[in-house]
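S.K.: Pasting upload_1.csv here (CSV, C-alpha atoms and all ligand atoms):
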chain,number,residue,atom,x,y,z
A,1,GLU,CA,-33.0,-6.3,20.3
A,2,LYS,CA,-33.3,-4.4,17.0
A,3,ALA,CA,-35.3,-1.8,19.0
A,4,GLY,CA,-38.1,-1.6,16.4
A,5,PHE,CA,-35.8,-1.4,13.4
A,6,ASP,CA,-36.0,-4.1,10.6
A,7,HIS,CA,-32.3,-4.7,10.6
A,8,PHE,CA,-29.3,-4.1,12.9
A,9,MET,CA,-27.7,-2.0,10.2
A,10,LEU,CA,-30.6,0.4,10.1
A,11,LYS,CA,-30.6,0.6,13.9
A,12,GLU,CA,-26.9,1.3,14.0
A,13,ILE,CA,-27.2,4.0,11.3
A,14,HIS,CA,-29.8,5.6,13.6
A,15,GLU,CA,-27.5,5.3,16.6
A,16,GLN,CA,-24.9,7.6,15.1
A,17,PRO,CA,-26.0,10.8,16.8
A,18,GLN,CA,-25.7,9.1,20.2
A,19,ALA,CA,-22.4,7.5,19.2
A,20,TYR,CA,-21.0,10.9,18.3
A,21,ARG,CA,-22.2,12.4,21.6
A,22,ASP,CA,-20.8,9.5,23.6
A,23,THR,CA,-17.5,9.6,21.8
A,24,MET,CA,-17.1,13.3,22.5
A,25,MET,CA,-18.4,13.1,26.1
A,26,GLY,CA,-15.9,14.0,28.7
A,27,ARG,CA,-13.3,14.7,26.1
A,28,ILE,CA,-14.1,18.4,25.5
A,29,SER,CA,-13.6,20.9,28.2
A,30,GLU,CA,-16.7,22.5,29.8
A,31,ASP,CA,-15.9,25.9,28.3
A,32,GLY,CA,-15.7,24.2,24.9
A,33,LYS,CA,-12.1,25.5,24.3
A,34,SER,CA,-10.0,22.4,24.4
A,35,VAL,CA,-9.8,18.7,24.0
A,36,ASP,CA,-8.6,16.5,26.8
A,37,LEU,CA,-7.7,12.9,26.0
A,38,LYS,CA,-7.0,11.6,29.5
A,39,GLU,CA,-6.6,8.0,28.3
A,40,VAL,CA,-3.7,9.1,26.1
A,41,GLU,CA,-0.6,8.7,28.2
A,42,MET,CA,1.9,10.2,25.8
A,43,THR,CA,3.6,13.1,27.4
A,44,ASP,CA,3.7,16.6,25.8
A,45,GLU,CA,7.4,16.0,25.1
A,46,GLN,CA,6.6,12.7,23.3
A,47,ILE,CA,3.9,14.4,21.3
A,48,LYS,CA,6.2,17.2,20.3
A,49,ALA,CA,8.8,14.6,19.2
A,50,ILE,CA,6.6,12.8,16.7
A,51,SER,CA,8.1,13.1,13.3
A,52,LYS,CA,5.5,11.2,11.3
A,53,ILE,CA,2.4,9.1,11.7
A,54,HIS,CA,1.4,5.8,10.1
A,55,ILE,CA,-2.3,4.9,10.2
A,56,VAL,CA,-2.9,1.2,9.6
A,57,ALA,CA,-6.3,-0.6,9.3
A,58,CYS,CA,-8.5,-2.7,7.1
A,59,GLY,CA,-11.7,-2.1,5.2
A,60,THR,CA,-14.0,0.5,6.6
A,61,ALA,CA,-11.5,1.3,9.4
A,62,TYR,CA,-8.9,2.0,6.7
A,63,HIS,CA,-11.3,4.4,5.1
A,64,ALA,CA,-11.7,6.2,8.4
A,65,GLY,CA,-7.9,6.4,8.4
A,66,LEU,CA,-7.9,8.1,5.0
A,67,VAL,CA,-10.0,10.9,6.6
A,68,GLY,CA,-7.7,10.8,9.7
A,69,LYS,CA,-4.7,11.5,7.5
A,70,THR,CA,-6.2,14.8,6.2
A,71,VAL,CA,-7.5,15.7,9.6
A,72,ILE,CA,-4.2,15.3,11.4
A,73,GLU,CA,-2.1,16.8,8.6
A,74,SER,CA,-4.3,19.9,8.5
A,75,LEU,CA,-4.8,20.4,12.2
A,76,ALA,CA,-1.4,19.2,13.6
A,77,ARG,CA,0.8,19.5,10.6
A,78,ILE,CA,2.4,16.1,11.1
A,79,PRO,CA,3.1,14.0,8.0
A,80,VAL,CA,0.7,11.0,7.8
A,81,GLU,CA,0.6,7.9,5.7
A,82,THR,CA,-2.4,5.6,5.7
A,83,ASP,CA,-1.9,1.9,4.9
A,84,VAL,CA,-4.0,-1.1,4.4
A,85,ALA,CA,-2.9,-3.5,7.2
A,86,SER,CA,-2.4,-6.5,5.0
A,87,GLU,CA,0.1,-4.6,2.9
A,88,TYR,CA,1.9,-2.6,5.6
A,89,ARG,CA,4.3,-5.2,6.9
A,90,TYR,CA,5.4,-6.3,3.5
A,91,ARG,CA,6.4,-3.0,2.1
A,92,SER,CA,9.2,-2.7,4.8
A,93,PRO,CA,7.8,0.6,6.2
A,94,ILE,CA,10.2,3.0,7.7
A,95,ILE,CA,9.2,2.9,11.3
A,96,THR,CA,11.4,4.8,13.7
A,97,PRO,CA,11.1,5.4,17.5
A,98,ASP,CA,9.6,8.9,16.8
A,99,THR,CA,6.9,7.4,14.5
A,100,LEU,CA,3.5,7.2,16.0
A,101,VAL,CA,1.6,4.2,14.6
A,102,ILE,CA,-2.2,4.5,14.8
A,103,VAL,CA,-4.2,1.3,14.4
A,104,VAL,CA,-7.9,1.6,13.8
A,105,SER,CA,-10.2,-1.4,14.4
A,106,GLN,CA,-13.8,-1.6,15.4
A,107,SER,CA,-13.5,-5.1,16.8
A,108,GLY,CA,-9.9,-4.8,18.0
A,109,GLU,CA,-9.4,-8.4,16.8
A,110,THR,CA,-8.5,-8.1,13.1
A,111,ALA,CA,-5.5,-10.3,12.5
A,112,ASP,CA,-3.8,-8.0,9.9
A,113,THR,CA,-4.2,-4.9,12.1
A,114,LEU,CA,-2.9,-6.8,15.1
A,115,ALA,CA,0.1,-8.0,13.1
A,116,ALA,CA,0.8,-4.4,12.0
A,117,LEU,CA,0.7,-3.3,15.6
A,118,ARG,CA,3.3,-5.9,16.6
A,119,GLU,CA,5.5,-4.9,13.7
A,120,ALA,CA,5.4,-1.3,14.9
A,121,LYS,CA,6.2,-2.3,18.5
A,122,ARG,CA,9.2,-4.5,17.2
A,123,ASN,CA,10.5,-1.3,15.7
A,124,ASP,CA,10.1,0.6,19.0
A,125,ALA,CA,7.3,2.9,17.7
A,126,ARG,CA,4.6,4.0,20.0
A,127,VAL,CA,1.2,2.6,19.1
A,128,LEU,CA,-2.1,4.3,19.6
A,129,ALA,CA,-5.3,2.3,19.0
A,130,ILE,CA,-8.7,3.6,18.0
A,131,THR,CA,-11.1,0.8,18.8
A,132,ASN,CA,-14.7,0.1,19.8
A,133,VAL,CA,-14.1,-2.8,22.1
A,134,VAL,CA,-12.6,-2.3,25.5
A,135,GLY,CA,-10.2,-5.1,26.4
A,136,SER,CA,-9.8,-6.4,22.9
A,137,SER,CA,-6.5,-7.7,21.7
A,138,ILE,CA,-5.6,-4.5,20.0
A,139,ALA,CA,-6.7,-2.4,23.0
A,140,ARG,CA,-4.5,-4.5,25.3
A,141,ASP,CA,-1.4,-4.4,23.2
A,142,ALA,CA,-1.4,-0.7,22.3
A,143,ASP,CA,0.4,1.9,24.3
A,144,ASP,CA,-2.5,4.3,24.2
A,145,VAL,CA,-6.2,3.7,23.4
A,146,ILE,CA,-9.0,6.0,22.3
A,147,THR,CA,-12.2,4.1,22.7
A,148,THR,CA,-15.0,5.0,20.3
A,149,TRP,CA,-18.2,4.7,22.3
A,150,ALA,CA,-20.4,3.5,19.5
A,151,GLY,CA,-21.7,0.5,21.4
A,152,PRO,CA,-21.9,-3.0,20.0
A,153,GLU,CA,-22.0,-3.2,16.2
A,154,ILE,CA,-23.8,-6.3,15.0
A,155,ALA,CA,-24.3,-5.7,11.3
A,156,VAL,CA,-21.4,-6.9,9.2
A,157,ALA,CA,-21.5,-3.6,7.3
A,158,SER,CA,-19.8,-1.1,9.5
A,159,THR,CA,-21.6,2.3,10.0
A,160,LYS,CA,-21.6,3.8,13.5
A,161,ALA,CA,-18.1,2.4,14.1
A,162,TYR,CA,-16.7,4.2,11.0
A,163,SER,CA,-18.3,7.5,11.9
A,164,SER,CA,-17.3,7.3,15.5
A,165,GLN,CA,-13.7,6.7,14.3
A,166,LEU,CA,-14.0,10.0,12.5
A,167,ILE,CA,-15.0,11.7,15.7
A,168,ALA,CA,-11.9,10.1,17.4
A,169,PHE,CA,-9.7,11.4,14.7
A,170,TYR,CA,-11.1,14.9,15.1
A,171,LEU,CA,-10.5,14.8,18.8
A,172,LEU,CA,-7.0,13.4,18.3
A,173,GLY,CA,-6.1,16.0,15.6
A,174,LEU,CA,-7.2,18.8,17.9
A,175,TYR,CA,-5.3,17.4,20.9
A,176,LEU,CA,-2.1,17.1,18.9
A,177,ALA,CA,-2.7,20.6,17.5
A,178,GLN,CA,-3.1,22.0,21.1
A,179,VAL,CA,0.1,20.4,22.3
A,180,ARG,CA,2.2,21.3,19.2
A,181,GLY,CA,0.7,24.8,18.9
A,182,THR,CA,-0.3,24.5,15.3
A,183,LYS,CA,-3.7,26.1,15.6
A,184,THR,CA,-4.8,29.3,17.3
A,185,GLN,CA,-7.3,29.2,20.2
A,186,ASP,CA,-10.0,30.6,17.9
A,187,GLU,CA,-9.4,27.9,15.3
A,188,ILE,CA,-9.7,25.2,17.9
A,189,THR,CA,-12.9,26.6,19.4
A,190,GLU,CA,-14.4,26.9,15.9
A,191,VAL,CA,-13.8,23.2,15.2
A,192,ILE,CA,-15.1,22.2,18.6
A,193,ASP,CA,-18.3,24.3,18.2
A,194,ALA,CA,-18.9,22.7,14.8
A,195,MET,CA,-18.3,19.2,16.2
A,196,LYS,CA,-21.0,19.7,18.8
A,197,GLN,CA,-23.5,20.4,16.1
A,198,LEU,CA,-22.8,17.1,14.3
A,199,PRO,CA,-25.2,14.8,16.2
A,200,GLU,CA,-28.2,17.1,15.5
A,201,GLN,CA,-27.1,17.5,11.9
A,202,VAL,CA,-27.0,13.7,11.5
A,203,GLU,CA,-30.5,13.5,13.0
A,204,ARG,CA,-31.7,15.9,10.3
A,205,ILE,CA,-30.3,13.7,7.5
A,206,LEU,CA,-32.0,10.6,9.1
A,207,GLU,CA,-35.3,12.4,9.1
A,208,GLN,CA,-35.1,12.3,5.3
A,209,SER,CA,-34.2,8.7,5.1
A,210,ASP,CA,-37.1,8.0,2.6
A,211,ILE,CA,-35.6,10.0,-0.2
A,212,TYR,CA,-32.6,7.6,-0.2
A,213,LYS,CA,-34.9,4.7,-0.5
A,214,GLN,CA,-36.2,6.0,-3.9
A,215,VAL,CA,-32.7,6.6,-5.2
A,216,ALA,CA,-31.6,3.2,-4.0
A,217,GLU,CA,-34.4,1.5,-5.9
A,218,ALA,CA,-33.3,3.2,-9.1
A,219,VAL,CA,-29.6,2.4,-8.4
A,220,SER,CA,-30.4,-1.2,-7.7
A,221,LYS,CA,-31.4,-1.7,-11.3
A,222,HIS,CA,-27.8,-1.2,-12.4
A,223,SER,CA,-24.9,-3.6,-12.2
A,224,ASN,CA,-22.2,-1.0,-12.4
A,225,LEU,CA,-21.7,2.5,-11.0
A,226,PHE,CA,-19.1,5.0,-9.9
A,227,PHE,CA,-18.5,7.2,-6.9
A,228,ILE,CA,-16.4,10.3,-7.5
A,229,GLY,CA,-15.0,13.1,-5.3
A,230,ARG,CA,-11.9,15.1,-4.5
A,231,GLY,CA,-10.0,15.4,-1.3
A,232,LEU,CA,-12.1,14.3,1.7
A,233,ASP,CA,-15.0,13.6,-0.7
A,234,PHE,CA,-12.8,11.0,-2.4
A,235,ALA,CA,-12.1,9.3,1.0
A,236,VAL,CA,-15.9,9.1,1.7
A,237,ALA,CA,-16.5,8.0,-1.8
A,238,GLN,CA,-14.3,4.9,-1.2
A,239,GLU,CA,-16.4,4.1,1.9
A,240,GLY,CA,-19.6,4.6,0.0
A,241,SER,CA,-18.5,2.2,-2.7
A,242,LEU,CA,-17.3,-0.5,-0.3
A,243,LYS,CA,-20.7,-0.3,1.6
A,244,LEU,CA,-22.6,-0.7,-1.6
A,245,LYS,CA,-20.6,-3.6,-2.8
A,246,GLU,CA,-20.6,-5.4,0.5
A,247,ILE,CA,-24.4,-5.6,1.0
A,248,SER,CA,-26.0,-5.0,-2.4
A,249,TYR,CA,-23.4,-6.9,-4.5
A,250,ILE,CA,-23.5,-4.2,-7.1
A,251,HIS,CA,-20.2,-3.5,-8.6
A,252,SER,CA,-18.9,0.1,-8.1
A,253,GLU,CA,-15.7,1.9,-8.0
A,254,ALA,CA,-14.6,5.1,-6.3
A,255,TYR,CA,-12.5,7.5,-8.2
A,256,PRO,CA,-10.8,10.8,-7.5
A,257,ALA,CA,-12.9,13.0,-9.8
A,258,GLY,CA,-9.9,14.4,-11.6
A,259,GLU,CA,-8.5,11.0,-12.4
A,260,LEU,CA,-11.4,9.8,-14.5
A,261,LYS,CA,-10.1,11.2,-17.7
A,262,HIS,CA,-6.9,9.1,-17.3
A,263,GLY,CA,-8.7,5.9,-18.2
A,264,THR,CA,-11.9,5.3,-16.4
A,265,LEU,CA,-13.9,7.8,-18.4
A,266,ALA,CA,-13.9,5.0,-21.1
A,267,LEU,CA,-16.4,3.1,-19.0
A,268,ILE,CA,-19.0,5.9,-18.8
A,269,GLU,CA,-21.9,5.1,-20.9
A,270,GLU,CA,-25.5,6.2,-21.3
A,271,GLY,CA,-27.5,6.0,-18.1
A,272,ILE,CA,-24.7,4.8,-15.7
A,273,PRO,CA,-25.2,6.3,-12.2
A,274,VAL,CA,-22.3,8.4,-11.0
A,275,ILE,CA,-22.6,9.4,-7.3
A,276,SER,CA,-20.6,12.5,-6.8
A,277,LEU,CA,-19.6,14.0,-3.5
A,278,VAL,CA,-19.4,17.8,-3.8
A,279,THR,CA,-18.9,19.2,-0.3
A,280,GLN,CA,-15.4,20.7,-0.3
A,281,GLU,CA,-15.9,24.3,-1.2
A,282,GLU,CA,-12.3,24.9,-2.4
A,283,LEU,CA,-12.7,22.1,-4.9
A,284,TYR,CA,-16.3,22.8,-6.2
A,285,GLU,CA,-15.3,24.2,-9.5
A,286,LYS,CA,-12.8,21.4,-10.3
A,287,THR,CA,-15.3,18.7,-9.3
A,288,LEU,CA,-18.1,20.3,-11.3
A,289,SER,CA,-15.9,20.3,-14.4
A,290,ASN,CA,-15.4,16.5,-13.9
A,291,ILE,CA,-19.1,16.1,-13.5
A,292,LYS,CA,-19.6,17.8,-16.8
A,293,GLU,CA,-17.2,15.3,-18.4
A,294,VAL,CA,-19.3,12.3,-17.3
A,295,LYS,CA,-22.6,14.0,-18.0
A,296,ALA,CA,-21.5,14.7,-21.6
A,297,ARG,CA,-21.1,10.9,-21.9
A,298,GLY,CA,-24.6,10.2,-20.7
A,299,ALA,CA,-24.0,9.5,-17.0
A,300,HIS,CA,-26.9,10.1,-14.6
A,301,VAL,CA,-25.3,12.2,-11.9
A,302,LEU,CA,-26.5,12.2,-8.3
A,303,ALA,CA,-24.7,14.6,-6.0
A,304,ILE,CA,-24.3,14.8,-2.2
A,305,ALA,CA,-23.7,18.5,-1.6
A,306,ASN,CA,-24.0,21.1,1.2
A,307,ALA,CA,-27.2,22.9,1.9
A,308,GLY,CA,-26.9,26.3,0.4
A,309,SER,CA,-24.9,25.1,-2.6
A,310,GLU,CA,-28.0,24.0,-4.5
A,311,ALA,CA,-27.8,26.8,-7.1
A,312,GLU,CA,-24.2,26.3,-7.7
A,313,VAL,CA,-24.0,22.5,-7.8
A,314,GLY,CA,-27.6,21.7,-8.7
A,315,ARG,CA,-27.5,23.0,-12.2
A,316,SER,CA,-24.7,20.6,-13.2
A,317,VAL,CA,-26.2,17.4,-11.8
A,318,ASP,CA,-29.4,15.4,-12.3
A,319,GLU,CA,-30.3,15.0,-8.7
A,320,LEU,CA,-29.0,16.7,-5.6
A,321,PHE,CA,-29.2,15.6,-2.0
A,322,ALA,CA,-28.3,18.3,0.4
A,323,ILE,CA,-26.7,17.7,3.8
A,324,PRO,CA,-26.4,20.3,6.6
A,325,LYS,CA,-23.4,22.6,6.3
A,326,THR,CA,-20.4,22.1,8.6
A,327,LEU,CA,-16.7,22.9,8.3
A,328,PRO,CA,-15.1,21.2,5.3
A,329,ILE,CA,-13.0,19.0,7.5
A,330,LEU,CA,-16.0,17.7,9.5
A,331,THR,CA,-18.2,17.0,6.4
A,332,PRO,CA,-17.3,13.2,6.2
A,333,ALA,CA,-19.2,12.7,9.5
A,334,LEU,CA,-22.3,13.8,7.6
A,335,SER,CA,-21.8,12.9,4.0
A,336,VAL,CA,-21.3,9.2,4.8
A,337,VAL,CA,-24.8,8.9,6.2
A,338,PRO,CA,-26.7,9.2,2.9
A,339,LEU,CA,-24.3,6.7,1.4
A,340,GLN,CA,-25.1,4.2,4.2
A,341,LEU,CA,-28.8,4.7,3.7
A,342,LEU,CA,-28.4,4.2,0.0
A,343,SER,CA,-26.6,0.9,0.4
A,344,TYR,CA,-29.0,-0.3,2.9
A,345,HIS,CA,-32.0,0.4,0.7
A,346,ALA,CA,-30.3,-1.0,-2.4
A,347,SER,CA,-29.6,-4.3,-0.6
A,348,LEU,CA,-33.2,-4.5,0.6
A,349,ALA,CA,-34.5,-3.7,-2.9
A,350,LEU,CA,-32.5,-6.6,-4.2
A,351,GLY,CA,-33.7,-8.9,-1.5
A,352,HIS,CA,-30.3,-9.6,0.1
A,353,ASP,CA,-29.5,-10.4,3.7
A,354,VAL,CA,-28.6,-6.9,4.8
A,355,ASP,CA,-27.0,-7.7,8.1
A,356,LYS,CA,-25.2,-10.9,7.0
A,357,PRO,CA,-23.9,-10.4,3.5
A,358,ARG,CA,-22.6,-13.5,1.7
A,359,ASN,CA,-18.9,-14.5,2.1
A,360,LEU,CA,-18.2,-12.1,4.9
A,361,ALA,CA,-17.6,-12.2,8.6
A,362,LYS,CA,-18.0,-9.5,11.2
A,363,SER,CA,-14.5,-10.0,12.6
A,364,VAL,CA,-11.7,-11.2,10.3
A,365,THR,CA,-9.2,-13.1,12.5
A,366,VAL,CA,-7.2,-14.7,9.6
A,367,GLU,CA,-4.5,-12.9,7.6
A,401,LIG,O1,-13.0,-4.7,13.3
A,401,LIG,P1,-12.3,-4.0,12.2
A,401,LIG,O2,-12.6,-2.5,12.2
A,401,LIG,O3,-10.8,-4.2,12.4
A,401,LIG,O4,-12.7,-4.6,10.8
A,401,LIG,C1,-12.1,-4.1,9.7
A,401,LIG,C2,-12.9,-4.6,8.4
A,401,LIG,O5,-12.9,-6.0,8.4
A,401,LIG,C3,-14.3,-4.0,8.4
A,401,LIG,O6,-14.3,-2.6,8.6
A,401,LIG,C4,-15.0,-4.4,7.1
A,401,LIG,O7,-14.4,-3.7,6.0
A,401,LIG,C5,-16.5,-4.0,7.3
A,401,LIG,N1,-17.3,-5.2,7.1
A,401,LIG,C6,-17.0,-3.0,6.3
A,401,LIG,O8,-18.3,-2.6,6.4
Show how you would write the structure in this file as structure tokens.
Ligand code: M6R
M.R.:
Amino acid sequence: EKAGFDHFMLKEIHEQPQAYRDTMMGRISEDGKSVDLKEVEMTDEQIKAISKIHIVACGTAYHAGLVGKTVIESLARIPVETDVASEYRYRSPIITPDTLVIVVSQSGETADTLAALREAKRNDARVLAITNVVGSSIARDADDVITTWAGPEIAVASTKAYSSQLIAFYLLGLYLAQVRGTKTQDEITEVIDAMKQLPEQVERILEQSDIYKQVAEAVSKHSNLFFIGRGLDFAVAQEGSLKLKEISYIHSEAYPAGELKHGTLALIEEGIPVISLVTQEELYEKTLSNIKEVKARGAHVLAIANAGSEAEVGRSVDELFAIPKTLPILTPALSVVPLQLLSYHASLALGHDVDKPRNLAKSVTVE
């Protein structure tokens, strides 16, 4: 049932190209010019009336929601807040009937996320669920459902569910943009064209899986490390850090690159690995200057960067891992893959149970 792979996690990492294709299938028009989300029953009037969006989820799904915020805000220009579900209800969020609440959950059974959904409904908000399990509690209780067609995810560490949630957010962002007229036809076509390339681009990253094994072995000798990035790179950094903690038990923290000097830089010492994500062109220069700050204090800097940026980024870092180039907004769907492989191999190098890490359950049905 592991289809020749040593672990479910590795199998699921390799299933991502198919998960992307399946999640996009039937949702992009044949001419490649528009997104059609038939399962979303919201009328155009209701979509136009949305004044704000709350994205609520836990763990990895929350990290997908952080990417979702930027995606929706930039494509559809609707203000979005992303909340951890166990915090949401207790901060008395301002939920109005024109608020769209998006809950994200692989299993569709997470107790805190379900409770957030109910809180939203009590306040007459419309709830849209992004979930991987048809007929789950969250899918049943939501007004609209976008199913991620990632297929069953067995490993406790979420991989293909996260990246398929990103695809769902891209589709939703485009759909909202079409209805609200916030993007031109050319801009929409450009994003759709680039999305169609993603499965093949992930395949290219997976072909180089071995290089991440070597890095992981070096990383697994440390008990502390940092992930840094700006913008969407920071969102992915948070997911990379969670993945590593969850299965390798190595402590790491994700930081917005520009925030280090406000305290955390004090922790940088000789030899500490700093994994930096440098994929957002507009922010290159700023992130590179933060990389210089950690290098000056002896950090060993590994970078995930776009193919073609080797000259620019490469000279400021110790090791560079290039990922295929896509639009900045779509990059998380690629840049997360090396981080998944890194965590997987680090866990293996340390002899841990990759698919069933200690203290954790696949589905968390207590609050
Ligand atoms: O099923 P859900 O997406 O609601 O689960 C949420 C989290 O418990 C889950 O993503 C968890 O953080 C993963 N084990 C991370 O890999």
S.K.: So, counting all atoms listed in the file, which residue among A:Ser51, A:Thr99, A:Ser92, A:Thr326 is closest to A:Glu200?
M.R.: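 Among A:Ser51, A:Thr99, A:Ser92, A:Thr326, it is A:Thr326 that comes nearest to A:Glu200.
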S.K.: Which one of A:Leu75, A:Ile192, A:Ala305, A:Val337 sits closest to A:Glu281 if you count only C-alpha atoms?
M.R.: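 Nearest to A:Glu281: A:Ala305.
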S.K.: Taking only C-alpha atoms and all ligand atoms into account, which residues have an atom no farther than 7 Å from ligand LIG 401 (chain A)? I'd like them as a PyMOL selection string.
M.R.: chain A and resi 57-61+104-110+113+156-159+243+246+362-364
S.K.: Limited to C-alpha atoms, could you put the picked residues into a file as a CSV table (one decimal), in the coordinates of the input?
M.R.:
chain,number,residue,atom,x,y,z
A,57,ALA,CA,-6.3,-0.6,9.3
A,58,CYS,CA,-8.5,-2.7,7.1
A,59,GLY,CA,-11.7,-2.1,5.2
A,60,THR,CA,-14.0,0.5,6.6
A,61,ALA,CA,-11.5,1.3,9.4
A,104,VAL,CA,-7.9,1.6,13.8
A,105,SER,CA,-10.2,-1.4,14.4
A,106,GLN,CA,-13.8,-1.6,15.4
A,107,SER,CA,-13.5,-5.1,16.8
A,108,GLY,CA,-9.9,-4.8,18.0
A,109,GLU,CA,-9.4,-8.4,16.8
A,110,THR,CA,-8.5,-8.1,13.1
A,113,THR,CA,-4.2,-4.9,12.1
A,156,VAL,CA,-21.4,-6.9,9.2
A,157,ALA,CA,-21.5,-3.6,7.3
A,158,SER,CA,-19.8,-1.1,9.5
A,159,THR,CA,-21.6,2.3,10.0
A,243,LYS,CA,-20.7,-0.3,1.6
A,246,GLU,CA,-20.6,-5.4,0.5
A,362,LYS,CA,-18.0,-9.5,11.2
A,363,SER,CA,-14.5,-10.0,12.6
A,364,VAL,CA,-11.7,-11.2,10.3
S.K.: Applying 6 Å and all atoms listed in the file, which residues near stretch 165-175 of chain A remain after dropping the ones on its own chain fewer than 4 positions away? List them as a count of residues only.
M.R.: 4
S.K.: In Å to one decimal, how far is atom CA of A:Ala139 from atom CA of A:Ala194?
M.R.: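 Rounded to one decimal, the two atoms are 29.1 Å apart.
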S.K.: Please provide as a PyMOL selection string all residues within 12 Å of A:Ser335, with the sequence filter that same-chain residues fewer than 6 positions apart are discarded (counting all atoms listed in the file).
M.R.: chain A and resi 163+166+198+201-202+205-206+229+232-237+239-240+275-280+303-307+321-326+328-329+341-342
S.K.: Mind listing as a list in words all residues within 8 Å of (4.8, 19.2, 21.9), counting only C-alpha atoms?
M.R.: Asp44, Glu45, Gln46, Ile47, Lys48, Ala49, Leu176, Val179, Arg180 and Gly181 of chain A
S.K.: How many Å separate atom CA of A:Gly65 from atom CA of A:Leu330?
M.R.: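 Between atom CA of A:Gly65 and atom CA of A:Leu330 the gap is 13.9 Å.
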S.K.: Find the distance between atom CA of A:Ser34 and atom CA of A:Thr182 and write it in Å to one decimal.
M.R.: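 Value for the atom CA of A:Ser34-atom CA of A:Thr182 distance: 13.5 Å.
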S.K.: Using all atoms listed in the file, which protein or nucleic acid residues come within 7 Å of A:Tyr255? Drop anything in the same chain fewer than 2 positions from it, and give the result as a CSV table (one decimal) with C-alpha atoms, in the frame of the given file.
M.R.:
chain,number,residue,atom,x,y,z
A,227,PHE,CA,-18.5,7.2,-6.9
A,228,ILE,CA,-16.4,10.3,-7.5
A,229,GLY,CA,-15.0,13.1,-5.3
A,234,PHE,CA,-12.8,11.0,-2.4
A,253,GLU,CA,-15.7,1.9,-8.0
A,257,ALA,CA,-12.9,13.0,-9.8
A,259,GLU,CA,-8.5,11.0,-12.4
A,260,LEU,CA,-11.4,9.8,-14.5
S.K.: Would you list the residues near (-7.5, 5.4, 16.6), meaning any protein, DNA or RNA residue with an atom at most 6 Å from that point in file coordinates, counting only C-alpha atoms, as number ranges by chain?
M.R.: A: 102-104, 129-130, 146
S.K.: Restricting the calculation to all atoms listed in the file, which member of A:Thr365, A:Lys356, A:Tyr90, A:Val336 is positioned closest to A:Ile138?
M.R.: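 For A:Ile138, the nearest of the given residues is A:Thr365.
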